[in-house]
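Visitor: Starting off with a structure, shown below.
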Amino acid sequence: MATQIIMDHNGDTRHNFDAKDAKALWEAERRFKALTGAGFTAATRTASGEPVVTRTFDPSAGETLFFPRLVGG
Amino acid sequence: MSVALLHVAINQLGRLLAACLHMARAFSDWYQRPSTCELRGLKLLREWLSQEQLAQYDAHNYFEVIGCHTGKRYRVCHGTGANVFELNDAGLPRKGWCFVPNEYLVAGDVMLAQKIALETDERVALATANNFTPR
């Protein structure tokens, strides 16, 4: 089971999906494109735990984290 | 007789005040408790911190990250703004950097976004940020 984690005012919202299910995968890719298109950054982790920013949907990613655009405070 | 009644009244007033104080403390504890959202954000942060960063955060309420482009060290303190400090060679804050998500997020989420930004795209994060002199 793969997970997309979206940071929001509730802490985060998680979408779990079966990467072997074509429809679920299509939905996850659609969500990825919608979020990154809206300015969210998508990040995954390497096997050693280091974060990596990803610009394209990776169907093999077990966990993808999305956070909103950063601005000067 | 009247003195005895006065003692009883003072005693009861004391008990009432103690009960009020107890309730006020309970309310204060309840009001200041971390919300579910804040706890969720901190749980996510803890999942993404390295073991070293997690140990630092538990001990000091901050963790340090290495900028991916310059190799500089930054201290990310618990908070939601003006909480990132560039460190000098002695490990002391030399410059503050303020960059935050463009929508409201809880502290754990803000700190995690700042960590990922500095570790994966330091130049863009700093170009976005405003800087300030640490106190």
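Letters A, B, ... go to the chains of the structure tokens in the order shown; residues in each chain start at 1; ligands are counted from 1 in the same order.
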Counting only C-alpha atoms, which residues in chain A sit no more than 7 Å from chain B? For each one, give the nearest pair of atoms and the distance in Å, sorted by chain then residue number, as a tab-separated table.
Guide:
residue	atom	partner	partner_atom	distance
A:Met7	CA	B:Asp109	CA	6.6
A:Asp8	CA	B:Leu105	CA	5.9
A:His9	CA	B:Leu105	CA	4.9
A:Asn10	CA	B:Cys37	CA	4.8
A:Gly11	CA	B:Gly41	CA	4.6
A:Asp12	CA	B:Gly41	CA	6.9
A:Gly49	CA	B:Ser50	CA	7.0
A:Pro51	CA	B:Ile116	CA	6.3
A:Val52	CA	B:Thr120	CA	6.4
A:Val53	CA	B:Thr120	CA	6.6
A:Phe67	CA	B:Ala113	CA	6.4
A:Pro68	CA	B:Pro101	CA	5.5
A:Arg69	CA	B:Pro101	CA	5.5
A:Leu70	CA	B:Pro101	CA	4.3
A:Val71	CA	B:Phe99	CA	5.3
A:Gly72	CA	B:Ala129	CA	4.2
A:Gly73	CA	B:Phe99	CA	5.0
Visitor: With N, CA and C atoms retained, write the just-selected residues as a JSON list (two decimals), in the first residue's frame.
Guide:
[["chain", "number", "residue", "atom", "x", "y", "z"],
["A", 7, "MET", "N", 0.27, 17.90, 3.64],
["A", 7, "MET", "CA", 0.22, 18.79, 4.81],
["A", 7, "MET", "C", -0.96, 19.75, 4.66],
["A", 8, "ASP", "N", -1.68, 19.94, 5.75],
["A", 8, "ASP", "CA", -2.78, 20.91, 5.74],
["A", 8, "ASP", "C", -3.03, 21.40, 7.17],
["A", 9, "HIS", "N", -4.07, 22.22, 7.32],
["A", 9, "HIS", "CA", -4.29, 22.84, 8.63],
["A", 9, "HIS", "C", -4.65, 21.81, 9.70],
["A", 10, "ASN", "N", -5.00, 20.60, 9.30],
["A", 10, "ASN", "CA", -5.29, 19.53, 10.26],
["A", 10, "ASN", "C", -4.05, 18.77, 10.68],
["A", 11, "GLY", "N", -2.90, 19.17, 10.17],
["A", 11, "GLY", "CA", -1.67, 18.40, 10.37],
["A", 11, "GLY", "C", -1.33, 17.77, 9.03],
["A", 12, "ASP", "N", -2.08, 16.76, 8.65],
["A", 12, "ASP", "CA", -1.93, 16.20, 7.31],
["A", 12, "ASP", "C", -3.15, 15.34, 6.98],
["A", 49, "GLY", "N", 16.71, 7.31, 4.26],
["A", 49, "GLY", "CA", 15.85, 8.27, 4.97],
["A", 49, "GLY", "C", 16.03, 9.72, 4.58],
["A", 51, "PRO", "N", 15.54, 13.07, 2.45],
["A", 51, "PRO", "CA", 14.45, 13.54, 1.58],
["A", 51, "PRO", "C", 14.95, 13.87, 0.17],
["A", 52, "VAL", "N", 14.10, 13.60, -0.79],
["A", 52, "VAL", "CA", 14.39, 13.91, -2.20],
["A", 52, "VAL", "C", 13.15, 14.56, -2.78],
["A", 53, "VAL", "N", 13.34, 15.71, -3.44],
["A", 53, "VAL", "CA", 12.21, 16.36, -4.10],
["A", 53, "VAL", "C", 11.98, 15.69, -5.44],
["A", 67, "PHE", "N", 4.06, 19.46, 0.53],
["A", 67, "PHE", "CA", 3.90, 20.64, 1.39],
["A", 67, "PHE", "C", 3.71, 21.88, 0.52],
["A", 68, "PRO", "N", 3.00, 22.87, 1.04],
["A", 68, "PRO", "CA", 2.68, 24.06, 0.24],
["A", 68, "PRO", "C", 3.92, 24.88, -0.11],
["A", 69, "ARG", "N", 3.76, 25.76, -1.07],
["A", 69, "ARG", "CA", 4.84, 26.65, -1.50],
["A", 69, "ARG", "C", 5.37, 27.44, -0.31],
["A", 70, "LEU", "N", 6.69, 27.62, -0.26],
["A", 70, "LEU", "CA", 7.30, 28.40, 0.82],
["A", 70, "LEU", "C", 7.47, 29.85, 0.37],
["A", 71, "VAL", "N", 7.20, 30.76, 1.28],
["A", 71, "VAL", "CA", 7.32, 32.19, 0.99],
["A", 71, "VAL", "C", 8.09, 32.86, 2.12],
["A", 72, "GLY", "N", 8.63, 34.03, 1.84],
["A", 72, "GLY", "CA", 9.32, 34.79, 2.88],
["A", 72, "GLY", "C", 8.35, 35.20, 3.97],
["A", 73, "GLY", "N", 8.75, 35.05, 5.21],
["A", 73, "GLY", "CA", 7.86, 35.38, 6.32],
["A", 73, "GLY", "C", 8.21, 36.71, 6.94]]
Visitor: Could you give me, as a compact mmCIF listing (two decimals) with N, CA and C atoms, in the first residue's frame, the residues within 7 Å of Asp18 (chain A), counting only C-alpha atoms and dropping anything in the same chain fewer than 5 positions from it?
Guide:
# COMPACT_ATOMS: atom_id res chain seq x y z
N MET A 1 0.85 -1.19 0.00
CA MET A 1 0.00 0.00 0.00
C MET A 1 0.89 1.24 0.00
N ALA A 2 0.66 2.15 -0.95
CA ALA A 2 1.41 3.40 -1.01
C ALA A 2 0.59 4.52 -0.37
N ALA A 24 -6.58 3.18 -9.05
CA ALA A 24 -6.04 3.88 -7.88
C ALA A 24 -4.76 4.62 -8.24
Visitor: Please identify all polymer residues within 6 Å of Ile5 (chain A), counting only C-alpha atoms, omitting same-chain residues fewer than 4 positions from it, and present them as a PyMOL selection string.
Guide: chain A and resi 13-14+65
Visitor: Check the DSSP output for the backbone and give back, as a compact mmCIF listing (two decimals) with C-alpha atoms, in the first residue's frame, the residues of chain B in helix (DSSP H, G or I).
Guide:
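Output below, filename result_4.txt:
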# COMPACT_ATOMS: atom_id res chain seq x y z
CA SER B 2 -20.45 34.29 66.61
CA VAL B 3 -16.72 33.53 66.73
CA ALA B 4 -17.41 29.85 66.12
CA LEU B 5 -19.66 30.69 63.19
CA LEU B 6 -16.94 32.96 61.79
CA HIS B 7 -14.40 30.12 61.98
CA VAL B 8 -16.79 27.78 60.15
CA ALA B 9 -17.40 30.40 57.47
CA ILE B 10 -13.67 31.04 57.00
CA ASN B 11 -13.03 27.30 56.80
CA GLN B 12 -15.72 26.83 54.15
CA LEU B 13 -14.49 29.86 52.20
CA GLY B 14 -10.98 28.37 52.22
CA ARG B 15 -12.30 25.08 50.83
CA LEU B 16 -14.24 26.92 48.15
CA LEU B 17 -11.15 28.89 47.11
CA ALA B 18 -9.07 25.68 47.00
CA ALA B 19 -11.69 24.01 44.82
CA CYS B 20 -11.75 27.05 42.48
CA LEU B 21 -7.97 27.03 42.25
CA HIS B 22 -7.98 23.31 41.42
CA MET B 23 -10.58 23.87 38.68
CA ALA B 24 -8.64 26.83 37.28
CA ARG B 25 -5.49 24.72 37.06
CA ALA B 26 -7.39 21.90 35.36
CA PHE B 27 -8.85 24.35 32.84
CA SER B 28 -5.42 25.86 32.20
CA ASP B 29 -3.95 22.39 31.56
CA TRP B 30 -6.82 21.54 29.21
CA TYR B 31 -6.58 24.86 27.35
CA THR B 36 -4.77 16.73 17.77
CA CYS B 37 -3.62 18.64 14.69
CA GLU B 38 -0.41 19.74 16.40
CA LEU B 39 0.27 16.22 17.62
CA ARG B 40 -0.30 14.88 14.10
CA GLY B 41 2.18 17.41 12.71
CA LEU B 42 4.79 16.49 15.32
CA LYS B 43 4.31 12.79 14.59
CA LEU B 44 4.96 13.40 10.89
CA LEU B 45 8.02 15.51 11.69
CA ARG B 46 9.43 12.78 13.92
CA GLU B 47 8.93 10.20 11.16
CA TRP B 48 11.03 12.28 8.74
CA GLN B 51 17.97 9.77 14.24
CA GLU B 52 20.49 12.50 15.09
CA GLN B 53 17.98 15.27 14.38
CA LEU B 54 15.32 13.51 16.43
CA ALA B 55 17.68 13.19 19.40
CA GLN B 56 18.53 16.90 19.10
CA TYR B 57 14.87 17.86 18.89
CA ASP B 58 13.94 15.78 21.93
CA ALA B 59 16.81 17.24 23.93
CA HIS B 60 16.71 20.89 22.85
CA ALA B 107 4.55 23.76 13.86
CA GLY B 108 5.62 20.19 13.07
CA ASP B 109 4.64 20.59 9.42
CA VAL B 110 6.34 24.00 9.12
CA MET B 111 9.61 22.68 10.55
CA LEU B 112 9.50 19.62 8.28
CA ALA B 113 8.91 21.75 5.18
CA GLN B 114 11.85 23.99 6.20
CA LYS B 115 14.09 20.95 6.75
CA ILE B 116 13.28 19.44 3.35
CA ALA B 117 13.72 22.80 1.60
CA LEU B 118 17.19 23.36 3.09
CA GLU B 119 18.31 19.79 2.51
CA THR B 120 17.10 19.57 -1.08
CA GLU B 122 18.83 25.43 -0.18
CA ARG B 123 19.41 28.25 -2.69
CA VAL B 124 15.76 28.56 -3.61
CA ALA B 125 14.72 28.41 0.05
CA LEU B 126 17.09 31.25 0.98
CA ALA B 127 16.18 33.26 -2.11
CA THR B 128 12.58 33.08 -0.94
Visitor: In Å, with one decimal, what is the gap from CA of Ala28 (chain A) to CA of Ala47 (chain A)?
Guide: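 Interatomic distance, CA of Ala28 (chain A) to CA of Ala47 (chain A): 21.7 Å.
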Visitor: Taking the DSSP secondary structure from the backbone, can you list the residues of chain B that are strand (DSSP E or B), as a list in words?
Guide: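 Everything in chain B that counts as strand (DSSP E or B) is Tyr62, Phe63, Glu64, Val65, Ile66, Arg73, Tyr74, Arg75, Val76, Cys77, Val84, Phe85, Glu86, Leu87, Pro93, Arg94, Lys95, Gly96, Trp97, Cys98, Phe99, Val100, Pro101, Asn130, Asn131 and Phe132 of chain B.
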Visitor: Determine, counting only C-alpha atoms, which protein, DNA and RNA residues have an atom within 12 Å of an atom of Thr54 (chain A); residues of the same chain fewer than 2 positions away are not included. Present the result as an MDAnalysis selection string.
Guide: (chainID A and resid 32:33 36 40:46 51:52 56:59 61 63:66) or (chainID B and resid 116 120:121)
Visitor: Residues of the last selection are to be written out with N, CA and C atoms, as a PDB file, in the first residue's frame.
Guide:
ATOM      1  N   PHE A  32      -1.228  13.912  -7.683  1.00  0.00           N
ATOM      2  CA  PHE A  32       0.143  14.421  -7.711  1.00  0.00           C
ATOM      3  C   PHE A  32       0.232  15.644  -8.623  1.00  0.00           C
ATOM      4  N   LYS A  33      -0.316  15.503  -9.837  1.00  0.00           N
ATOM      5  CA  LYS A  33      -0.230  16.612 -10.793  1.00  0.00           C
ATOM      6  C   LYS A  33      -1.024  17.829 -10.325  1.00  0.00           C
ATOM      7  N   THR A  36       1.130  19.455  -7.323  1.00  0.00           N
ATOM      8  CA  THR A  36       2.364  20.116  -7.759  1.00  0.00           C
ATOM      9  C   THR A  36       2.027  21.286  -8.679  1.00  0.00           C
ATOM     10  N   PHE A  40       2.513  22.939  -4.680  1.00  0.00           N
ATOM     11  CA  PHE A  40       3.025  22.058  -3.624  1.00  0.00           C
ATOM     12  C   PHE A  40       4.341  21.411  -4.083  1.00  0.00           C
ATOM     13  N   THR A  41       5.209  21.172  -3.123  1.00  0.00           N
ATOM     14  CA  THR A  41       6.440  20.425  -3.378  1.00  0.00           C
ATOM     15  C   THR A  41       6.198  18.983  -2.959  1.00  0.00           C
ATOM     16  N   ALA A  42       6.637  18.061  -3.818  1.00  0.00           N
ATOM     17  CA  ALA A  42       6.493  16.635  -3.506  1.00  0.00           C
ATOM     18  C   ALA A  42       7.862  16.085  -3.118  1.00  0.00           C
ATOM     19  N   ALA A  43       7.895  15.333  -2.038  1.00  0.00           N
ATOM     20  CA  ALA A  43       9.165  14.761  -1.577  1.00  0.00           C
ATOM     21  C   ALA A  43       8.970  13.297  -1.196  1.00  0.00           C
ATOM     22  N   THR A  44      10.001  12.536  -1.498  1.00  0.00           N
ATOM     23  CA  THR A  44      10.030  11.137  -1.058  1.00  0.00           C
ATOM     24  C   THR A  44      11.291  10.956  -0.209  1.00  0.00           C
ATOM     25  N   ARG A  45      11.506   9.766   0.271  1.00  0.00           N
ATOM     26  CA  ARG A  45      12.715   9.497   1.059  1.00  0.00           C
ATOM     27  C   ARG A  45      13.513   8.369   0.414  1.00  0.00           C
ATOM     28  N   THR A  46      14.829   8.504   0.487  1.00  0.00           N
ATOM     29  CA  THR A  46      15.687   7.425   0.009  1.00  0.00           C
ATOM     30  C   THR A  46      15.645   6.286   1.027  1.00  0.00           C
ATOM     31  N   PRO A  51      15.536  13.068   2.446  1.00  0.00           N
ATOM     32  CA  PRO A  51      14.455  13.540   1.579  1.00  0.00           C
ATOM     33  C   PRO A  51      14.950  13.869   0.174  1.00  0.00           C
ATOM     34  N   VAL A  52      14.099  13.602  -0.792  1.00  0.00           N
ATOM     35  CA  VAL A  52      14.393  13.912  -2.198  1.00  0.00           C
ATOM     36  C   VAL A  52      13.152  14.561  -2.783  1.00  0.00           C
ATOM     37  N   THR A  56       8.182  14.509 -10.879  1.00  0.00           N
ATOM     38  CA  THR A  56       7.267  13.677 -11.664  1.00  0.00           C
ATOM     39  C   THR A  56       6.735  12.543 -10.799  1.00  0.00           C
ATOM     40  N   PHE A  57       5.583  12.084 -11.149  1.00  0.00           N
ATOM     41  CA  PHE A  57       4.927  11.028 -10.377  1.00  0.00           C
ATOM     42  C   PHE A  57       5.728   9.726 -10.471  1.00  0.00           C
ATOM     43  N   ASP A  58       6.028   9.152  -9.319  1.00  0.00           N
ATOM     44  CA  ASP A  58       6.754   7.887  -9.284  1.00  0.00           C
ATOM     45  C   ASP A  58       5.812   6.812  -8.744  1.00  0.00           C
ATOM     46  N   PRO A  59       5.346   5.938  -9.638  1.00  0.00           N
ATOM     47  CA  PRO A  59       4.380   4.924  -9.188  1.00  0.00           C
ATOM     48  C   PRO A  59       4.960   3.926  -8.191  1.00  0.00           C
ATOM     49  N   ALA A  61       6.921   4.838  -5.637  1.00  0.00           N
ATOM     50  CA  ALA A  61       7.198   5.495  -4.350  1.00  0.00           C
ATOM     51  C   ALA A  61       6.220   4.999  -3.282  1.00  0.00           C
ATOM     52  N   GLU A  63       5.899   6.285  -0.266  1.00  0.00           N
ATOM     53  CA  GLU A  63       5.354   7.414   0.501  1.00  0.00           C
ATOM     54  C   GLU A  63       5.783   8.720  -0.166  1.00  0.00           C
ATOM     55  N   THR A  64       4.838   9.558  -0.455  1.00  0.00           N
ATOM     56  CA  THR A  64       5.138  10.870  -1.036  1.00  0.00           C
ATOM     57  C   THR A  64       4.510  11.942  -0.152  1.00  0.00           C
ATOM     58  N   LEU A  65       5.327  12.916   0.204  1.00  0.00           N
ATOM     59  CA  LEU A  65       4.866  13.996   1.086  1.00  0.00           C
ATOM     60  C   LEU A  65       4.719  15.285   0.275  1.00  0.00           C
ATOM     61  N   PHE A  66       3.629  15.992   0.480  1.00  0.00           N
ATOM     62  CA  PHE A  66       3.392  17.250  -0.224  1.00  0.00           C
ATOM     63  C   PHE A  66       3.309  18.389   0.788  1.00  0.00           C
TER      64      PHE A  66
ATOM     65  N   ILE B 116      13.180  20.012   4.703  1.00  0.00           N
ATOM     66  CA  ILE B 116      13.279  19.440   3.353  1.00  0.00           C
ATOM     67  C   ILE B 116      13.784  20.495   2.375  1.00  0.00           C
ATOM     68  N   THR B 120      17.243  19.959   0.329  1.00  0.00           N
ATOM     69  CA  THR B 120      17.097  19.568  -1.080  1.00  0.00           C
ATOM     70  C   THR B 120      17.200  20.733  -2.056  1.00  0.00           C
ATOM     71  N   ASP B 121      16.937  21.948  -1.597  1.00  0.00           N
ATOM     72  CA  ASP B 121      16.950  23.092  -2.514  1.00  0.00           C
ATOM     73  C   ASP B 121      17.272  24.367  -1.727  1.00  0.00           C
TER      74      ASP B 121
END
